[in-house]
Each structure stands twice: as C-alpha cells, then as structure tokens.
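Everything on this sheet refers to the single structure shown next.
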Amino acid sequence: MEKLLNELPSSDVAAYTIKSDIKIDVKVPEHLKRSISLGLPSITENNLLRHFTNLSRKNYALSTVFYPLGSCTMKHNPLINERIVKSEAFNSIHPYQPTESLQGAFEIMYGLEKDLCELTGMDYFSLQQAAGAHGEFAGLLVIAKYFKSIKQSRTKIIIPDSAHGTNPASASLAGFEIISLKSESDGTVLPEKLKKILTSEVAAVMLTVPNTLGTFEKNILEISKIVHKNGSLLYYDGANLNAVMGIVKPGHMGFDVMHINLHKTFSAPHGGGGPGSGPIGVKSFLEPFIPIPRIEKNKSKFTLNYKKSESIGRLKSFFGNFHVILKAYIYIKALGGKGLVSVSEQAVLNANYMLARLRNKVDIPAGDRCMHEFVLSPKSLFRDNIKTLDVAKRLLDYNYYAPTIYFPLIVEEAIMIEPTETESKETLDTFIDILSKILFDEIIKEPQKIKEAPINTTVCRLNEVEAARNPILKWKKQ
Ligand SMILES: *Cc1c(COP(=O)(O)O)cnc(C)c1O
C-alpha cells in the first residue's frame, strides 16, 4: 500500500490524515475512475427499514430462538454490557492516542489479565489474540520459543483425536508435526497410551478439559506428571470455560499454557463470525515469550513495554479486540467469583438435565454424566437412509437452531448439544420434546418429510455441495 501511494503523483484529489503530522495526498489515475453511474437503487427510508427488518427476521439468532450449538456456548449475553461498550467513553478512544490518555483502557485490560489469572491459576495473560485458534497459535509459538531458548529440539505435538480441528491446524501452522492420540470412547486420554508415544521430540500435549464429548479428564494429574517427567509441556484448550469457572483451575491441574475464548464464555457471542478474543495464559517461566507490548503498572500509571527480547512479537494490531475484552471485564466484575461459580454450576446442571431425559433412549457414548455439553449418537434409530444431517434440518422446521453435528469426529452421526446456563427448564423441555418427536416418532411415520426438511423455512433444503461450489451471489434480478 505504501509503495502504491508513493508511486502516485501527489495532488489534492484525496488526503488521508493518519496522524496529525503525516499527510498523504492521493490522486486516482484517470483510467481507474468510474465512467458510468454505479446504478445503486434509490429507495425510501421506510422501505429500506422494512427490507432490513424483514431480512433480520429470516435470520436465526439467540434473540429469537434456542441455539444449542455444542462447543460454541451460545448463551444469552447481558444487554447492559452491549450498552456500556457502545457508550461515548469507550467508543471515542483511539489506539493512536498518547498512552497518558488511554490509562482507563489499560486499567481494564490489566485488570482482566489479573482476573483471568485468578480464574485459571495461570501467572500471566496476554489479551492480544483475536480468536481461539489465534490463541492456540500464539501459545504454540511460545512453546516453540521456550524450547529454542533452552536449546532443545522438540518438534512434535500430541493431540487426541477428540480435539477441536483448530488444535492440529494451529500446531501445524506453528511448525510442529502432529501425533494423533486415539482417545477412549468418552473422549478421555489413557495415561498408559500417552506414555507409549511420548518421546524426547514431543514439545507439548494439547488437551481439552472437559473434552469435546463433555467429559472431565479424570486422570489429568497423572497425565500432567507423565508429560512433565518427559520434559514436555501441557497445553489447555480452554475455549469452553463455561463448565469449570471457580470450580477447578487449569493451572492447578498442571497446565503450562492455555487459551480462553472470551467470545464463548465471557459475554460476547460465538458463531456468526463476529470479532472474538483468545487470550493466552502461561506459567511464569513462559512469560518472557508472550506477545508484546505488555501493559505494565508502575505505581498508579500504566505503560507499554515493547522491549522484551525473547517475545514471540506482535500478533495483532493495537491491543486486541478491545470491545470483547471490555465486555469480559464487565461480565466478570458484575458476577463476581460466586456468580461465575453459579454460571458453571447451572450450565452443567442444564446439560445433565437434558442428557437425563434422553438417557436409555439414545446412545450417549460418554455415558450418564456430562459437564457443559453432551454428544448423542442416534445411529441405531435411523432407517430409510436418514442421517444426523436430516434430523438437524428438521429441527429448523420447529424453529430451533440446529445443534453442532458430525463433531467430535470420533462419534458416528454425532449431535452435540450445549444448552448453557441462560436457558429455562421450559425451553430445555420443549426442545427435548421436539427432538424426541423427530427421533422416535417422525423417523418411523414420516421419513420422507425428514429427508426433505426443512420445509417451513424461507429457504428449503439446499444442495450443500452445489451451494458451496457454485454460489449465486448477485443482487440484481436477471
Ligand atoms: C471454539 C473452539 C476453538 C476455536 O475457537 P475459535 O475462536 O473459533 O478459533 C478451539 N477449541 C475448542 C474446544 C472450541 O470449542
């Protein structure tokens, strides 16, 4: 961009003032200028309003439907937090302001780092990363840098096959080779199996606790011992912290590095591609390696420290997604320690209530108990070539967002349900009633309807392959 700007003759066509003392004049070359009108539709305000309101009604959102999307923690987020974030005080600041005038924002970020340490038992946090996968990438770069600093060549990462797909993707992007570990049917890891594949080349073992089947890793302390004895580190995928807040801390379980998805547990929605935030936490021996700049507190003043020679560097512009960070801070302060514990307790209770209603009727590979979510495998109920995809589509007809399906990969025909703590018993009951109607009644009586579903929605069943390969993206009717 800078090169392009330099090549253009300076004139007064457009002037961008980036900083008050830098002025760049840009002249758009004649041949790049539009010669015909863009032909934008002209429309009255009320018609425009109707258009967007009607579009929004065609959308699925938590404000209109139950959204039991496993692994995504689609909980209701307090509206007051949105209002605070939009207030003038937070919306009118800019990261290029002098640091003296950003003290309030730094205080919040510094405070959130400390709160996350308290919540997780880690020693330091960095808030810069923009998503869970970005946090994983950062954490793995920290691990790589650490081993380089102690002159050990460790190039492999062990990841159970029940893990989220971002785990192996991040490890590969960070330059590691992945060793896949076959997990047990409930997604947990057998210490003896892990022991067999741990070699001096293994840098870290990445675990999700509770795992993607909603089971707590009951042998975690033994696993931690085995991993550390081997000189390797333990990474905690804390994308879904909703089950464990104030109940158990990754730092106490022996984890050295972790990430959290603020946009799942802490008051920013996941799903739909909005801005996220994936803070990473580390034990103190890894602090020199985390991203810069670090916010430091000297007496009552906050400063930015860029001079950390061993840091993996900067991973995102400015200071991360400040609004998501701010919402997490408000959420934690508003609920307090006890409030966070009750969030987790209620989330686990709600999931177990739903599981209990389906127990003995549908196969649940991880058994009778779960943490914040559970996974069904309704394969034995299927006939007439009906699949999990069809059941998910049929749920749309009843005005539900479909649960996560075909994940984790180790469960055949998986349906992954995460109700979250913010749903009422009535909502959970009606959803289970409808799911049961589809699974136990409609599959037998109306299989064709399920194969064709959704039939009540604005857009009916799509050919998903065709839609992905040959998207029709045009706004003008031809
Ligand atoms: C959501 C999730 C991730 C990835 O987070 P993104 O913000 O989508 O990158 C990683 N691991 C688990 C277990 C998750 O649920």
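Scheme for the structure tokens: letters A, B, ... for chains in order shown; per-chain residue numbers from 1; ligand numbers from 1 in order shown.
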At a cut-off of 10 Å and counting only C-alpha atoms and all ligand atoms, what residues surround ligand 1? Please answer as a VMD selection string.
chain A and resid 70 to 73 129 to 137 162 to 167 170 207 to 213 236 to 241 259 to 264 270 to 271 273 to 278 408
Who sits within 10 Å of Glu423 in chain A, only C-alpha atoms, same chain under 6 positions skipped, as number ranges by chain = A: 66-68, 75-76, 346-347, 350
Non-local contacts of range 434-448 of chain A (9 Å; only C-alpha atoms; under 6 positions in same chain excluded) as a short mmCIF file (atom, residue, chain, number, x, y, z; two decimals) with N, CA and C atoms, in the first residue's frame:
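In the end it all went to result.cif:
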data_model
loop_
_atom_site.label_atom_id
_atom_site.label_comp_id
_atom_site.auth_asym_id
_atom_site.auth_seq_id
_atom_site.Cartn_x
_atom_site.Cartn_y
_atom_site.Cartn_z
N LEU A 358 -32.78 -37.96 27.88
CA LEU A 358 -32.55 -38.77 26.67
C LEU A 358 -31.85 -40.10 26.96
N LYS A 361 -32.51 -43.86 25.86
CA LYS A 361 -33.33 -43.82 24.64
C LYS A 361 -32.45 -43.61 23.42
N VAL A 362 -31.37 -42.89 23.60
CA VAL A 362 -30.43 -42.62 22.50
C VAL A 362 -29.03 -42.98 23.00
N PRO A 378 -27.35 -41.07 17.50
CA PRO A 378 -28.65 -41.71 17.31
C PRO A 378 -28.68 -42.73 16.17
N LEU A 381 -31.22 -45.54 15.71
CA LEU A 381 -32.63 -45.18 15.47
C LEU A 381 -32.91 -44.91 13.99
N PHE A 382 -31.83 -44.74 13.23
CA PHE A 382 -32.01 -44.31 11.84
C PHE A 382 -32.47 -45.45 10.93
N ARG A 383 -33.32 -45.11 9.98
CA ARG A 383 -33.76 -46.06 8.95
C ARG A 383 -34.02 -45.26 7.68
N ASP A 384 -34.35 -45.93 6.62
CA ASP A 384 -34.64 -45.26 5.35
C ASP A 384 -33.57 -44.24 4.96
N ASN A 385 -32.34 -44.57 5.28
CA ASN A 385 -31.23 -43.71 4.89
C ASN A 385 -31.26 -42.32 5.55
N ILE A 386 -31.98 -42.23 6.66
CA ILE A 386 -31.99 -40.94 7.39
C ILE A 386 -30.68 -40.80 8.14
N VAL A 391 -31.93 -34.89 10.63
CA VAL A 391 -32.55 -34.54 11.92
C VAL A 391 -32.28 -33.06 12.23
N ARG A 394 -34.50 -30.95 10.16
CA ARG A 394 -35.88 -31.00 10.62
C ARG A 394 -36.10 -30.08 11.83
N LEU A 395 -35.08 -29.95 12.68
CA LEU A 395 -35.19 -29.05 13.84
C LEU A 395 -35.45 -27.61 13.41
N TYR A 398 -38.97 -26.64 13.26
CA TYR A 398 -39.61 -26.34 14.54
C TYR A 398 -39.04 -25.07 15.17
#
| said: So that I can check the surroundings of range 179-186 of chain A, please list as a list in words every protein, DNA and RNA residue that reaches within 8 Å of it, counting only C-alpha atoms and ignoring chain neighbours fewer than 2 positions away. | reply: Lys156, Ile157, Ile158, Ile159, Pro160, Asp161, Ser162, Glu177, Thr188, Val189, Leu190, Leu194, Leu213, Thr215, Pro365, Ala366, Gly367 and Ile410 of chain A
inquiry  = I need the residues of range 235-421 of chain A that end up classed as strand (DSSP E) by DSSP on the backbone, written out as number ranges by chain.
reply    = A: 235-238, 257-260, 280-282, 294-298, 301-305, 374-376, 404-405, 415-417
Fill in: Contacts of Asn298 in chain A at 12 Å (only C-alpha atoms; same-chain gap of 6+ positions) as a list of chain:residue names
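Residues near the query, excluding close chain neighbours: A:Gln103, A:Glu107, A:Tyr110, A:Leu304, A:Asn305.
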Keeping only all heavy atoms, write the selected residues to a file as a PDB file, in the first residue's frame.
ATOM      1  N   GLN A 103      -5.204   5.621  29.855  1.00  0.00           N
ATOM      2  CA  GLN A 103      -4.973   4.941  31.134  1.00  0.00           C
ATOM      3  C   GLN A 103      -6.181   4.087  31.571  1.00  0.00           C
ATOM      4  O   GLN A 103      -6.013   3.003  32.095  1.00  0.00           O
ATOM      5  CB  GLN A 103      -4.631   5.974  32.212  1.00  0.00           C
ATOM      6  CG  GLN A 103      -3.265   6.627  32.020  1.00  0.00           C
ATOM      7  CD  GLN A 103      -2.118   5.650  32.190  1.00  0.00           C
ATOM      8  OE1 GLN A 103      -2.014   4.967  33.204  1.00  0.00           O
ATOM      9  NE2 GLN A 103      -1.259   5.559  31.198  1.00  0.00           N
ATOM     10  N   GLU A 107      -6.130   0.166  32.277  1.00  0.00           N
ATOM     11  CA  GLU A 107      -6.506  -0.350  33.605  1.00  0.00           C
ATOM     12  C   GLU A 107      -7.457  -1.550  33.449  1.00  0.00           C
ATOM     13  O   GLU A 107      -7.339  -2.548  34.156  1.00  0.00           O
ATOM     14  CB  GLU A 107      -7.177   0.769  34.417  1.00  0.00           C
ATOM     15  CG  GLU A 107      -7.468   0.345  35.839  1.00  0.00           C
ATOM     16  CD  GLU A 107      -8.081   1.471  36.669  1.00  0.00           C
ATOM     17  OE1 GLU A 107      -8.011   2.645  36.250  1.00  0.00           O
ATOM     18  OE2 GLU A 107      -8.641   1.143  37.721  1.00  0.00           O
ATOM     19  N   TYR A 110      -5.426  -4.543  32.010  1.00  0.00           N
ATOM     20  CA  TYR A 110      -4.556  -5.057  33.067  1.00  0.00           C
ATOM     21  C   TYR A 110      -5.397  -5.825  34.101  1.00  0.00           C
ATOM     22  O   TYR A 110      -5.040  -6.919  34.543  1.00  0.00           O
ATOM     23  CB  TYR A 110      -3.836  -3.873  33.726  1.00  0.00           C
ATOM     24  CG  TYR A 110      -2.766  -4.244  34.705  1.00  0.00           C
ATOM     25  CD1 TYR A 110      -1.483  -4.548  34.281  1.00  0.00           C
ATOM     26  CD2 TYR A 110      -3.039  -4.282  36.080  1.00  0.00           C
ATOM     27  CE1 TYR A 110      -0.485  -4.884  35.191  1.00  0.00           C
ATOM     28  CE2 TYR A 110      -2.053  -4.612  36.997  1.00  0.00           C
ATOM     29  CZ  TYR A 110      -0.781  -4.911  36.540  1.00  0.00           C
ATOM     30  OH  TYR A 110       0.196  -5.246  37.437  1.00  0.00           O
ATOM     31  N   LEU A 304       3.425   0.863  28.342  1.00  0.00           N
ATOM     32  CA  LEU A 304       3.541  -0.249  27.401  1.00  0.00           C
ATOM     33  C   LEU A 304       5.001  -0.647  27.288  1.00  0.00           C
ATOM     34  O   LEU A 304       5.864   0.190  27.038  1.00  0.00           O
ATOM     35  CB  LEU A 304       3.032   0.181  26.020  1.00  0.00           C
ATOM     36  CG  LEU A 304       1.538   0.481  25.924  1.00  0.00           C
ATOM     37  CD1 LEU A 304       1.204   1.009  24.540  1.00  0.00           C
ATOM     38  CD2 LEU A 304       0.718  -0.776  26.219  1.00  0.00           C
ATOM     39  N   ASN A 305       5.279  -1.913  27.486  1.00  0.00           N
ATOM     40  CA  ASN A 305       6.652  -2.397  27.363  1.00  0.00           C
ATOM     41  C   ASN A 305       6.814  -3.187  26.059  1.00  0.00           C
ATOM     42  O   ASN A 305       6.215  -4.245  25.889  1.00  0.00           O
ATOM     43  CB  ASN A 305       6.986  -3.278  28.583  1.00  0.00           C
ATOM     44  CG  ASN A 305       8.430  -3.733  28.560  1.00  0.00           C
ATOM     45  OD1 ASN A 305       9.146  -3.475  27.585  1.00  0.00           O
ATOM     46  ND2 ASN A 305       8.857  -4.392  29.622  1.00  0.00           N
TER      47      ASN A 305
END
